[in-house]
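Q: To be precise about what I am sending: the file is called entry_4.txt and holds compact mmCIF, C-alpha atoms (C1' of nucleotides).
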# COMPACT_ATOMS: atom_id res chain seq x y z
CA MET I 143 133.84 59.92 142.99
CA SER I 144 131.86 57.18 144.72
CA ALA I 145 133.09 54.36 146.95
CA ALA I 146 133.49 51.01 145.25
CA SER I 147 131.27 49.19 147.75
CA THR I 148 128.20 51.39 147.37
CA PRO I 149 128.33 53.36 144.16
CA GLU I 150 126.61 56.69 144.69
CA PRO I 151 123.21 56.68 143.02
CA SER I 152 122.71 59.34 140.40
CA ARG I 153 120.06 61.98 141.03
CA ARG I 154 118.08 60.29 138.34
CA ASP I 155 118.22 56.99 140.22
CA GLU I 156 117.18 58.69 143.42
CA LEU I 157 114.16 60.22 141.74
CA LEU I 158 113.26 56.90 140.17
CA ALA I 159 113.41 55.19 143.56
CA ILE I 160 111.15 57.85 145.06
CA ALA I 161 108.68 57.42 142.22
CA ALA I 162 108.79 53.64 142.64
CA GLY I 163 107.87 53.88 146.30
CA LEU I 164 104.93 56.17 145.59
CA PHE I 165 103.66 54.16 142.62
CA ALA I 166 103.83 51.01 144.74
CA GLU I 167 102.05 52.58 147.68
CA ARG I 168 99.24 54.48 145.97
CA GLY I 169 99.16 53.14 142.45
CA PHE I 170 100.42 54.71 139.24
CA LYS I 171 97.32 56.70 138.44
CA ASN I 172 96.90 57.95 141.99
CA THR I 173 100.43 59.32 142.08
CA THR I 174 100.89 62.73 140.48
CA VAL I 175 104.14 64.16 139.19
CA ARG I 176 103.70 66.81 141.84
CA ASP I 177 103.62 64.07 144.51
CA ILE I 178 106.90 62.69 143.22
CA ALA I 179 108.50 66.11 143.03
CA ASP I 180 107.30 67.01 146.54
CA ALA I 181 108.76 63.82 147.96
CA ALA I 182 112.04 64.65 146.25
CA GLY I 183 112.00 68.24 147.47
CA ILE I 184 111.86 69.79 144.01
CA LEU I 185 109.18 71.19 141.72
CA SER I 186 107.29 69.07 139.25
CA GLY I 187 108.73 70.77 136.20
CA SER I 188 112.23 69.77 137.28
CA LEU I 189 111.37 66.11 136.89
CA TYR I 190 111.22 66.60 133.16
CA HIS I 191 114.91 67.35 133.07
CA HIS I 192 115.43 63.68 133.96
CA PHE I 193 112.47 61.91 132.40
CA ASP I 194 110.27 62.31 129.35
CA SER I 195 107.05 61.58 131.15
CA LYS I 196 105.47 59.87 134.11
CA GLU I 197 104.87 56.86 131.91
CA SER I 198 108.53 56.55 131.02
CA MET I 199 109.36 56.38 134.72
CA VAL I 200 107.19 53.39 135.37
CA ASP I 201 108.31 51.87 132.09
CA GLU I 202 111.95 52.02 133.09
CA LEU I 203 111.17 50.59 136.52
CA LEU I 204 109.24 47.61 135.22
CA ASP I 205 111.51 46.85 132.30
CA THR I 206 114.69 46.90 134.38
CA PHE I 207 113.16 44.71 137.03
CA GLN I 208 111.73 42.16 134.65
CA THR I 209 114.94 41.85 132.70
CA GLU I 210 116.84 41.07 135.86
CA LEU I 211 114.24 38.63 137.12
CA TRP I 212 114.26 36.70 133.88
CA LYS I 213 118.01 36.30 134.04
CA GLN I 214 117.43 34.28 137.19
CA TYR I 215 114.54 32.31 135.75
CA ASP I 216 116.57 31.45 132.66
CA ALA I 217 119.45 30.20 134.79
CA ILE I 218 117.08 27.99 136.77
CA THR I 219 115.47 26.67 133.61
CA ALA I 220 118.88 25.78 132.19
CA SER I 221 119.99 23.99 135.38
CA ASP I 222 119.88 20.22 135.81
CA LEU I 223 117.33 20.26 138.61
CA THR I 224 114.22 18.08 138.38
CA ALA I 225 110.94 19.70 137.44
CA LYS I 226 109.92 19.95 141.08
CA GLY I 227 113.35 21.30 141.95
CA LYS I 228 113.00 24.01 139.33
CA LEU I 229 109.52 24.91 140.53
CA THR I 230 110.84 25.25 144.03
CA ALA I 231 113.79 27.35 142.89
CA ILE I 232 111.53 29.68 140.93
CA VAL I 233 109.21 30.16 143.88
CA ARG I 234 112.22 31.02 146.04
CA ALA I 235 113.62 33.42 143.44
CA SER I 236 110.22 35.10 143.22
CA PHE I 237 109.99 35.66 146.97
CA ASP I 238 113.52 37.06 146.84
CA ALA I 239 112.29 39.49 144.21
CA ILE I 240 109.41 40.50 146.47
CA ASP I 241 112.01 41.23 149.13
CA HIS I 242 114.59 43.04 147.04
CA HIS I 243 112.39 44.76 144.50
CA HIS I 244 109.29 45.27 146.56
CA SER I 245 108.10 48.42 144.82
CA GLU I 246 108.54 47.04 141.34
CA VAL I 247 106.65 43.86 142.16
CA ALA I 248 103.87 45.87 143.80
CA ILE I 249 103.57 48.11 140.76
CA PHE I 250 103.50 45.09 138.52
CA GLN I 251 100.81 43.44 140.62
CA ASN I 252 98.60 46.48 140.95
CA ASP I 253 99.01 48.37 137.69
CA ALA I 254 100.14 45.92 135.03
CA ALA I 255 96.58 45.18 133.93
CA TYR I 256 95.99 48.86 133.25
CA LEU I 257 99.39 49.56 131.71
CA THR I 258 99.13 46.61 129.36
CA THR I 259 96.39 48.47 127.52
CA PHE I 260 99.08 50.75 126.03
CA GLU I 261 101.28 49.42 123.23
CA ARG I 262 104.28 50.79 125.02
CA PHE I 263 103.85 48.15 127.69
CA GLY I 264 103.29 45.29 125.30
CA TYR I 265 106.35 43.56 126.71
CA LEU I 266 104.43 42.95 129.92
CA ALA I 267 101.91 40.74 128.15
CA GLU I 268 104.74 38.98 126.34
CA ARG I 269 106.56 38.25 129.59
CA ASN I 270 103.33 36.92 131.05
CA ARG I 271 103.00 34.48 128.20
CA LYS I 272 106.59 33.38 128.69
CA PHE I 273 105.97 32.94 132.38
CA ARG I 274 102.92 30.80 131.75
CA THR I 275 104.82 28.61 129.29
CA LEU I 276 107.57 28.11 131.85
CA TRP I 277 105.28 27.21 134.74
CA VAL I 278 102.88 25.01 132.83
CA GLY I 279 105.81 23.17 131.22
CA LEU I 280 107.39 22.48 134.60
CA LEU I 281 104.10 21.32 136.08
CA GLU I 282 103.54 18.97 133.17
CA ASP I 283 107.09 17.65 133.45
CA GLY I 284 106.54 17.08 137.16
CA VAL I 285 103.38 15.12 136.49
CA ALA I 286 105.05 13.11 133.72
CA SER I 287 108.01 12.21 135.93
CA GLY I 288 105.70 11.17 138.77
CA GLU I 289 106.88 13.90 141.12
CA LEU I 290 103.51 15.66 141.09
CA ARG I 291 99.98 14.31 141.28
CA SER I 292 98.19 13.88 137.99
CA ASP I 293 94.55 14.43 138.97
CA LEU I 294 94.61 18.23 139.00
CA ASP I 295 93.98 20.71 136.20
CA VAL I 296 97.48 21.96 135.32
CA GLU I 297 96.20 25.28 134.04
CA LEU I 298 94.40 25.87 137.31
CA VAL I 299 97.38 24.86 139.41
CA TYR I 300 99.47 27.28 137.39
CA ARG I 301 97.17 30.20 138.13
CA PHE I 302 96.95 29.22 141.76
CA LEU I 303 100.71 29.12 142.06
CA ARG I 304 101.39 32.29 140.12
CA ASP I 305 98.86 34.39 141.99
CA THR I 306 99.73 32.98 145.37
CA VAL I 307 103.36 33.89 145.01
CA TRP I 308 103.03 37.41 143.64
CA VAL I 309 100.07 38.55 145.68
CA ALA I 310 102.21 38.14 148.80
CA VAL I 311 103.71 41.51 147.95
CA ARG I 312 100.55 43.01 149.43
CA TRP I 313 101.43 42.04 152.97
CA TYR I 314 105.13 41.13 152.93
CA ARG I 315 107.35 43.91 154.29
CA PRO I 316 111.11 43.81 153.65
CA GLY I 317 113.08 44.00 156.87
CA GLY I 318 110.36 42.35 158.96
CA SER I 319 110.74 39.21 161.02
CA LEU I 320 110.05 36.87 158.10
CA THR I 321 112.78 36.39 155.53
CA PRO I 322 111.78 35.66 151.96
CA ALA I 323 113.18 32.16 152.46
CA ASP I 324 110.88 31.63 155.47
CA VAL I 325 107.84 32.61 153.47
CA ALA I 326 108.88 30.59 150.44
CA ASP I 327 109.41 27.47 152.56
CA GLN I 328 106.03 27.72 154.25
CA TYR I 329 104.27 28.44 150.98
CA LEU I 330 105.98 25.49 149.31
CA THR I 331 105.03 23.24 152.21
CA ILE I 332 101.38 24.26 151.91
CA LEU I 333 101.48 23.92 148.16
CA LEU I 334 103.23 20.55 148.06
CA GLU I 335 101.87 18.85 151.17
CA GLY I 336 98.68 20.73 152.05
CA ILE I 337 97.42 21.80 155.45
CA ASN I 338 95.55 18.61 156.30
CA GLN I 339 96.78 16.79 159.37
CA MET H 252 54.76 47.01 135.67
CA SER H 253 57.47 44.35 135.74
CA ALA H 254 57.14 40.58 135.66
CA ALA H 255 57.29 38.89 139.04
CA SER H 256 60.13 36.58 138.00
CA THR H 257 62.60 39.29 136.98
CA PRO H 258 61.78 42.62 138.57
CA GLU H 259 62.71 45.40 136.18
CA PRO H 260 65.87 47.15 137.35
CA SER H 261 65.51 50.85 137.96
CA ARG H 262 67.47 53.23 135.78
CA ARG H 263 69.59 53.88 138.80
CA ASP H 264 70.40 50.17 139.14
CA GLU H 265 71.24 49.97 135.44
CA LEU H 266 73.68 52.84 135.75
CA LEU H 267 75.20 51.32 138.84
CA ALA H 268 75.74 48.02 137.03
CA ILE H 269 77.40 49.83 134.13
CA ALA H 270 79.69 51.67 136.51
CA ALA H 271 80.50 48.43 138.32
CA GLY H 272 81.62 46.78 135.09
CA LEU H 273 83.87 49.69 134.17
CA PHE H 274 85.35 50.08 137.64
CA ALA H 275 86.12 46.38 137.69
CA GLU H 276 87.67 46.40 134.24
CA ARG H 277 89.80 49.53 134.38
CA GLY H 278 89.94 50.46 138.03
CA PHE H 279 88.09 53.20 139.88
CA LYS H 280 90.55 55.99 139.18
CA ASN H 281 90.93 55.06 135.53
CA THR H 282 87.19 55.23 134.95
CA THR H 283 85.79 58.70 134.39
CA VAL H 284 82.22 59.77 134.86
CA ARG H 285 82.22 60.42 131.12
CA ASP H 286 83.14 56.78 130.51
CA ILE H 287 80.19 55.67 132.59
CA ALA H 288 77.82 58.12 130.92
CA ASP H 289 79.04 57.12 127.45
CA ALA H 290 78.50 53.46 128.20
CA ALA H 291 74.99 54.30 129.37
CA GLY H 292 74.26 56.47 126.33
CA ILE H 293 73.78 59.67 128.29
CA LEU H 294 75.89 62.72 129.17
CA SER H 295 78.03 62.87 132.25
CA GLY H 296 76.01 65.61 133.91
CA SER H 297 72.93 63.39 133.86
CA LEU H 298 74.60 60.92 136.18
CA TYR H 299 74.33 63.44 138.98
CA HIS H 300 70.58 63.22 138.88
CA HIS H 301 71.02 59.68 140.26
CA PHE H 302 74.17 59.86 142.33
CA ASP H 303 75.95 62.41 144.48
CA SER H 304 79.39 61.59 143.16
CA LYS H 305 81.57 58.93 141.58
CA GLU H 306 82.71 57.94 145.04
CA SER H 307 79.18 57.34 146.23
CA MET H 308 78.69 54.92 143.34
CA VAL H 309 81.58 52.70 144.32
CA ASP H 310 80.61 53.08 147.94
CA GLU H 311 77.13 51.76 147.33
CA LEU H 312 78.48 48.88 145.24
CA LEU H 313 80.97 47.73 147.85
CA ASP H 314 78.74 48.21 150.85
CA THR H 315 75.81 46.32 149.36
CA PHE H 316 78.02 43.47 148.29
CA GLN H 317 79.85 43.12 151.57
CA THR H 318 76.66 43.20 153.60
CA GLU H 319 75.26 40.34 151.58
CA LEU H 320 78.48 38.33 151.72
CA TRP H 321 78.67 38.62 155.47
CA LYS H 322 75.15 37.30 155.86
CA GLN H 323 76.45 34.08 154.34
CA TYR H 324 79.62 34.02 156.41
CA ASP H 325 77.63 34.58 159.59
CA ALA H 326 75.31 31.70 158.75
CA ILE H 327 78.29 29.41 158.19
CA THR H 328 79.92 30.54 161.40
CA ALA H 329 76.73 29.80 163.31
CA SER H 330 76.34 26.33 161.79
CA ASP H 331 77.40 23.12 163.54
CA LEU H 332 80.08 22.21 161.01
CA THR H 333 83.58 21.35 162.20
CA ALA H 334 86.31 23.96 161.80
CA LYS H 335 87.50 22.38 158.58
CA GLY H 336 83.92 22.12 157.39
CA LYS H 337 83.40 25.81 158.00
CA LEU H 338 86.63 26.70 156.23
CA THR H 339 85.52 24.68 153.25
CA ALA H 340 82.10 26.27 153.24
CA ILE H 341 83.56 29.75 153.39
CA VAL H 342 85.90 29.06 150.50
CA ARG H 343 82.95 27.78 148.47
CA ALA H 344 80.82 30.81 149.37
CA SER H 345 83.68 33.08 148.35
CA PHE H 346 84.05 31.48 144.93
CA ASP H 347 80.30 31.81 144.52
CA ALA H 348 80.69 35.51 145.23
CA ILE H 349 83.40 35.74 142.58
CA ASP H 350 80.92 34.18 140.19
CA HIS H 351 77.81 36.16 141.09
CA HIS H 352 79.34 39.49 142.05
CA HIS H 353 82.36 39.51 139.82
CA SER H 354 82.61 43.25 139.39
CA GLU H 355 82.26 44.01 143.06
CA VAL H 356 84.93 41.49 144.03
CA ALA H 357 87.26 42.83 141.35
CA ILE H 358 86.77 46.39 142.56
CA PHE H 359 87.39 45.29 146.10
CA GLN H 360 90.56 43.44 145.10
CA ASN H 361 91.97 46.21 142.95
CA ASP H 362 90.88 49.42 144.60
CA ALA H 363 90.18 48.72 148.26
CA ALA H 364 93.72 49.61 149.31
CA TYR H 365 93.34 53.04 147.74
CA LEU H 366 89.77 53.63 148.86
CA THR H 367 90.57 52.70 152.45
CA THR H 368 92.63 55.87 152.70
CA PHE H 369 89.36 57.85 152.85
CA GLU H 370 87.34 57.85 156.09
CA ARG H 371 84.24 57.20 154.08
CA PHE H 372 85.49 53.70 153.33
CA GLY H 373 86.55 52.93 156.86
CA TYR H 374 84.13 50.02 156.91
CA LEU H 375 86.36 48.20 154.46
CA ALA H 376 89.19 48.05 156.98
CA GLU H 377 86.75 46.99 159.67
CA ARG H 378 85.42 44.14 157.55
CA ASN H 379 88.97 43.05 156.83
CA ARG H 380 89.67 42.80 160.53
CA LYS H 381 86.50 40.78 161.02
CA PHE H 382 87.49 38.50 158.17
CA ARG H 383 90.91 37.91 159.67
CA THR H 384 89.42 37.09 163.06
CA LEU H 385 87.08 34.59 161.45
CA TRP H 386 89.73 32.81 159.39
CA VAL H 387 92.44 32.72 162.01
CA GLY H 388 89.94 31.46 164.58
CA LEU H 389 88.84 28.63 162.32
CA LEU H 390 92.43 27.68 161.48
CA GLU H 391 93.30 27.59 165.18
CA ASP H 392 90.23 25.52 165.95
CA GLY H 393 91.18 23.12 163.17
CA VAL H 394 94.67 22.72 164.58
CA ALA H 395 93.33 22.28 168.11
CA SER H 396 90.87 19.61 167.03
CA GLY H 397 93.56 17.75 165.10
CA GLU H 398 91.93 18.30 161.71
CA LEU H 399 94.75 20.55 160.49
CA ARG H 400 98.51 20.23 160.83
CA SER H 401 100.10 22.18 163.65
CA ASP H 402 103.55 22.96 162.28
CA LEU H 403 102.56 25.93 160.11
CA ASP H 404 102.36 29.62 160.97
CA VAL H 405 98.60 30.23 161.26
CA GLU H 406 98.93 33.89 160.36
CA LEU H 407 100.78 32.98 157.20
CA VAL H 408 98.31 30.26 156.26
CA TYR H 409 95.54 32.80 156.73
CA ARG H 410 97.10 35.25 154.31
CA PHE H 411 97.83 32.49 151.85
CA LEU H 412 94.26 31.33 151.93
CA ARG H 413 92.66 34.76 151.82
CA ASP H 414 94.74 35.98 148.90
CA THR H 415 94.50 32.75 146.97
CA VAL H 416 90.74 32.79 147.03
CA TRP H 417 90.10 36.43 146.16
CA VAL H 418 92.85 36.91 143.60
CA ALA H 419 91.11 34.31 141.44
CA VAL H 420 88.78 37.10 140.36
CA ARG H 421 91.58 38.21 138.06
CA TRP H 422 91.24 35.26 135.77
CA TYR H 423 87.88 33.67 136.58
CA ARG H 424 85.15 34.54 134.09
CA PRO H 425 81.50 33.89 134.94
CA GLY H 426 79.81 31.75 132.35
CA GLY H 427 83.00 29.94 131.33
CA SER H 428 83.55 26.20 131.42
CA LEU H 429 84.56 26.17 135.09
CA THR H 430 81.83 26.57 137.68
CA PRO H 431 82.71 28.25 140.96
CA ALA H 432 82.24 24.85 142.61
CA ASP H 433 84.83 23.32 140.25
CA VAL H 434 87.37 25.94 141.11
CA ALA H 435 86.64 25.81 144.83
CA ASP H 436 87.05 22.02 144.88
CA GLN H 437 90.38 22.08 143.08
CA TYR H 438 91.66 24.93 145.23
CA LEU H 439 90.59 23.10 148.39
CA THR H 440 92.29 19.95 147.20
CA ILE H 441 95.54 21.79 146.60
CA LEU H 442 95.25 23.61 149.89
CA LEU H 443 94.35 20.58 151.99
CA GLU H 444 96.31 17.81 150.28
CA GLY H 445 99.02 19.59 148.26
CA ILE H 446 100.24 18.83 144.76
CA ASN H 447 102.89 16.27 145.71
CA GLN H 448 102.37 12.82 144.27
C1' DG N 39 65.46 61.65 133.29
C1' DT N 40 68.41 63.90 130.12
C1' DC N 41 70.62 67.91 127.82
C1' DT N 42 73.17 72.41 127.31
C1' DA N 43 76.65 74.90 129.05
C1' DT N 44 80.12 75.78 132.02
C1' DA N 45 82.50 76.41 136.45
C1' DG N 46 86.46 75.17 139.03
C1' DA N 47 90.05 72.12 140.33
C1' DA N 48 93.80 69.13 139.27
C1' DG N 49 96.74 66.93 136.24
C1' DG N 50 100.81 66.34 132.70
C1' DA N 51 103.96 68.80 130.34
C1' DT N 52 106.89 72.83 128.30
C1' DA N 53 110.08 77.18 127.71
C1' DG N 54 113.44 79.75 129.26
C1' DA N 55 115.93 81.99 133.30
C1' DC N 56 119.24 81.00 136.86
C1' DG S 33 119.85 70.44 138.15
C1' DT S 34 116.22 73.33 139.70
C1' DC S 35 112.99 77.26 139.52
C1' DT S 36 109.47 80.50 137.59
C1' DA S 37 105.64 80.75 135.09
C1' DT S 38 102.25 78.95 132.51
C1' DC S 39 99.74 76.23 128.85
C1' DC S 40 96.54 72.85 127.72
C1' DT S 41 93.92 68.99 128.75
C1' DT S 42 91.04 66.30 131.50
C1' DC S 43 88.20 65.63 135.21
C1' DT S 44 84.34 66.09 138.72
C1' DA S 45 80.52 68.53 139.58
C1' DT S 46 76.74 72.20 139.19
C1' DA S 47 72.69 75.23 137.37
C1' DG S 48 68.95 75.59 134.89
C1' DA S 49 66.30 74.52 130.46
C1' DC S 50 63.57 70.92 128.30
Turn the structure described in the file into structure tokens.

A:
Amino acid sequence: MSAASTPEPSRRDELLAIAAGLFAERGFKNTTVRDIADAAGILSGSLYHHFDSKESMVDELLDTFQTELWKQYDAITASDLTAKGKLTAIVRASFDAIDHHHSEVAIFQNDAAYLTTFERFGYLAERNRKFRTLWVGLLEDGVASGELRSDLDVELVYRFLRDTVWVAVRWYRPGGSLTPADVADQYLTILLEGINQ
Amino acid sequence: MSAASTPEPSRRDELLAIAAGLFAERGFKNTTVRDIADAAGILSGSLYHHFDSKESMVDELLDTFQTELWKQYDAITASDLTAKGKLTAIVRASFDAIDHHHSEVAIFQNDAAYLTTFERFGYLAERNRKFRTLWVGLLEDGVASGELRSDLDVELVYRFLRDTVWVAVRWYRPGGSLTPADVADQYLTILLEGINQ
DNA sequence: GTCTATAGAAGGATAGAC
DNA sequence: GTCTATCCTTCTATAGAC
């Protein structure tokens, strides 16, 4: 029986975490089932006792992560913050995700475009649409309320913001000197105020 | 004999362009030599009359592109613009590259991390270091001269800037309604002035 | 410059023993 | 839950004819 504070991860969870790290580091296609098995100290065939396929591993990783992330986004959306307040909160939540679910975010950043070409991963495209609707809506609300400047192309600002946040997974390392809050604050300062003196 | 205005591309160049498009679209690892041959209307074995290997194709693409890009960067560096002026010029040159060498930039964005693990592509890491030195130097000069604000982490601004520019290759489509100059101007406005009202 | 034919390696996945 | 053993597919690359 496992301690209440840190429930013992199942073997399945351990294997999934190992796969996540490798997928994030080398990419989905560049990681073989033999790589995963080696890292886990077992043989590749044994993986299939736990998972149907390599695809189902990455599927489970991305789906679980995205479901959790959207719980946070939905809570922020439903809050009574202003548009700018919500934008800020979502940026912070996203950097937290980069910190706490680094592998999943990296996989999403690097391999989503490829995975989306399979029907199985159709939910990724759907979530992207939802994400765009959320961001663009908040940006438009911010412009309408006078919080944000009105002379910029909202669609372009959206892409700028989205990419800027998620691409940070490429250099951010959990456990380093910068906390996700540090990074989020500096990014928000640049985004909101610019780097001009 | 070819017309002087548009020199006829060699068969080799045609094949390289086809490979570039596929690498950019699906990723290097997800593109097979059969895919390239199919797209060119020949059989995969025939590719090896023109190229040593699949790796040498992507190598030639990236090396040629980077050499050309750095000619522009070096010219900007050597100019008598202010630090901020140089930063602006480099951002514009980079968006031009996204426009004119879309495939190469996409390959670099998506596959460089993987390719760098081979000695053959060591020059990619070297160019990255050179790029960092250039950007960080300009940002520091801008702060020193009072053109740029001094309360931000220069290293972090550098990463922000670098990623923001290059990741645009994911959504920017050459020939669309936005010119590279349009995008560069809006990005520079956000970066320099922010989106606050 | 391309085709036929195929070698040789590496990959995902399975069946059944332990 | 893991191992042994192996199948089948896919992939890069080669040799020689046309």

Q: Using 8 Å as the limit and counting all atoms listed in the file, can you tabulate each residue of chain I that touches chain S, with its shortest atom-to-atom distance in Å and the two atoms involved, as JSON lines?

A:
{"residue": "I:Ile184", "atom": "CA", "partner": "S:DT34", "partner_atom": "C1'", "distance": 7.1}
{"residue": "I:Leu185", "atom": "CA", "partner": "S:DC35", "partner_atom": "C1'", "distance": 7.5}
{"residue": "I:Ser188", "atom": "CA", "partner": "S:DT34", "partner_atom": "C1'", "distance": 5.9}
{"residue": "I:His191", "atom": "CA", "partner": "S:DG33", "partner_atom": "C1'", "distance": 7.7}

Q: Could you please tell me, as a PyMOL selection string, which residues of chain N have an atom within 9 Å of chain H when using all atoms listed in the file?

A: chain N and resi 39-41

Q: At what distance in Å, to one decimal, does atom CA of Thr331 of chain I lie from atom CA of Lys226 of chain I?

A: 12.6 Å

Q: Taking all atoms listed in the file into account, which residues of chain H are within 9 Å of chain I, as a ChimeraX atom specification?

A: /H:276-278,280-281,361,364-365,394,397-401,403-404,407-408,410-412,414-416,418-419,422,434,437-438,440-448

Q: Once you have the residues from the selection above, write them out as a PDB file, in the frame of the given file, restricted to C-alpha atoms.

A:
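That gives us part.pdb:
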ATOM      1  CA  GLU H 276      87.670  46.400 134.240  1.00  0.00           C
ATOM      2  CA  ARG H 277      89.800  49.530 134.380  1.00  0.00           C
ATOM      3  CA  GLY H 278      89.940  50.460 138.030  1.00  0.00           C
ATOM      4  CA  LYS H 280      90.550  55.990 139.180  1.00  0.00           C
ATOM      5  CA  ASN H 281      90.930  55.060 135.530  1.00  0.00           C
ATOM      6  CA  ASN H 361      91.970  46.210 142.950  1.00  0.00           C
ATOM      7  CA  ALA H 364      93.720  49.610 149.310  1.00  0.00           C
ATOM      8  CA  TYR H 365      93.340  53.040 147.740  1.00  0.00           C
ATOM      9  CA  VAL H 394      94.670  22.720 164.580  1.00  0.00           C
ATOM     10  CA  GLY H 397      93.560  17.750 165.100  1.00  0.00           C
ATOM     11  CA  GLU H 398      91.930  18.300 161.710  1.00  0.00           C
ATOM     12  CA  LEU H 399      94.750  20.550 160.490  1.00  0.00           C
ATOM     13  CA  ARG H 400      98.510  20.230 160.830  1.00  0.00           C
ATOM     14  CA  SER H 401     100.100  22.180 163.650  1.00  0.00           C
ATOM     15  CA  LEU H 403     102.560  25.930 160.110  1.00  0.00           C
ATOM     16  CA  ASP H 404     102.360  29.620 160.970  1.00  0.00           C
ATOM     17  CA  LEU H 407     100.780  32.980 157.200  1.00  0.00           C
ATOM     18  CA  VAL H 408      98.310  30.260 156.260  1.00  0.00           C
ATOM     19  CA  ARG H 410      97.100  35.250 154.310  1.00  0.00           C
ATOM     20  CA  PHE H 411      97.830  32.490 151.850  1.00  0.00           C
ATOM     21  CA  LEU H 412      94.260  31.330 151.930  1.00  0.00           C
ATOM     22  CA  ASP H 414      94.740  35.980 148.900  1.00  0.00           C
ATOM     23  CA  THR H 415      94.500  32.750 146.970  1.00  0.00           C
ATOM     24  CA  VAL H 416      90.740  32.790 147.030  1.00  0.00           C
ATOM     25  CA  VAL H 418      92.850  36.910 143.600  1.00  0.00           C
ATOM     26  CA  ALA H 419      91.110  34.310 141.440  1.00  0.00           C
ATOM     27  CA  TRP H 422      91.240  35.260 135.770  1.00  0.00           C
ATOM     28  CA  VAL H 434      87.370  25.940 141.110  1.00  0.00           C
ATOM     29  CA  GLN H 437      90.380  22.080 143.080  1.00  0.00           C
ATOM     30  CA  TYR H 438      91.660  24.930 145.230  1.00  0.00           C
ATOM     31  CA  THR H 440      92.290  19.950 147.200  1.00  0.00           C
ATOM     32  CA  ILE H 441      95.540  21.790 146.600  1.00  0.00           C
ATOM     33  CA  LEU H 442      95.250  23.610 149.890  1.00  0.00           C
ATOM     34  CA  LEU H 443      94.350  20.580 151.990  1.00  0.00           C
ATOM     35  CA  GLU H 444      96.310  17.810 150.280  1.00  0.00           C
ATOM     36  CA  GLY H 445      99.020  19.590 148.260  1.00  0.00           C
ATOM     37  CA  ILE H 446     100.240  18.830 144.760  1.00  0.00           C
ATOM     38  CA  ASN H 447     102.890  16.270 145.710  1.00  0.00           C
ATOM     39  CA  GLN H 448     102.370  12.820 144.270  1.00  0.00           C
TER      40      GLN H 448
END

Q: Could you check how far atom CA of Leu332 of chain H sits from atom CA of Arg380 of chain H, in Å to one decimal?

A: 22.7 Å

Q: For atom CA of Asp325 of chain H and atom CA of Ala376 of chain H, determine how far apart the two atoms are, in Å to one decimal place.

A: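 Taking atom CA of Asp325 of chain H and atom CA of Ala376 of chain H, their separation equals 17.9 Å.
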
Q: Compute the distance from (83.9, 32.4, 139.3) to each atom, counting only C-alpha atoms (C1' of nucleotides), keep the residues with any atom at most 10 Å away, and return them as JSON, numbers by chain; use the coordinates of the file.

A: {"H": [345, 346, 347, 348, 349, 350, 351, 352, 353, 419, 420, 421, 422, 423, 424, 425, 426, 427, 429, 430, 431, 432, 433, 434, 435]}

Q: Would you list the contacts of segment 198-203 of chain I as a VMD selection string, taking every protein, DNA or RNA residue within 8 Å and counting all atoms listed in the file, but skipping same-chain residues closer than 4 positions in sequence?

A: chain I and resid 158 161 to 162 170 193 to 194 207 246 263

Q: Hey, which of I:Ser195, I:Thr258, I:Ser245, I:Thr206 ends up closest to DT52 of chain N? Count all atoms listed in the file.

A: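 So, comparing all the options, the nearest one is I:Ser195.
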
Q: My list of candidates is I:Thr219, I:Ser319, I:Gln214, I:Thr174. Which is closest to DG49 of chain N when distances are computed with all atoms listed in the file?

A: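 Among the listed residues, the smallest separation from DG49 of chain N belongs to I:Thr174.
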
Q: Give the padded box for segment 220-224 of chain I as lines of an AutoDock Vina configuration file: axis-aligned, covering all atoms listed in the file, 6 Å on each side, centre and edge lengths in Å to one decimal.

A:
center_x = 117.1
center_y = 21.9
center_z = 135.4
size_x = 17.8
size_y = 19.7
size_z = 18.4

Q: If you count only C-alpha atoms (C1' of nucleotides), which residues fall within 12 Å of Trp212 of chain I, apart from same-chain ones fewer than 3 positions away, as a compact mmCIF listing (two decimals) with C-alpha atoms, in the frame of the given file?

A:
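Generated file (result11.txt):
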# COMPACT_ATOMS: atom_id res chain seq x y z
CA ASP I 205 111.51 46.85 132.30
CA THR I 206 114.69 46.90 134.38
CA PHE I 207 113.16 44.71 137.03
CA GLN I 208 111.73 42.16 134.65
CA THR I 209 114.94 41.85 132.70
CA TYR I 215 114.54 32.31 135.75
CA ASP I 216 116.57 31.45 132.66
CA ALA I 217 119.45 30.20 134.79
CA ILE I 218 117.08 27.99 136.77
CA THR I 219 115.47 26.67 133.61
CA ALA I 220 118.88 25.78 132.19
CA ILE I 232 111.53 29.68 140.93
CA ALA I 235 113.62 33.42 143.44
CA SER I 236 110.22 35.10 143.22
CA ALA I 239 112.29 39.49 144.21
CA ARG I 269 106.56 38.25 129.59
CA ASN I 270 103.33 36.92 131.05
CA LYS I 272 106.59 33.38 128.69
CA PHE I 273 105.97 32.94 132.38
CA LEU I 276 107.57 28.11 131.85
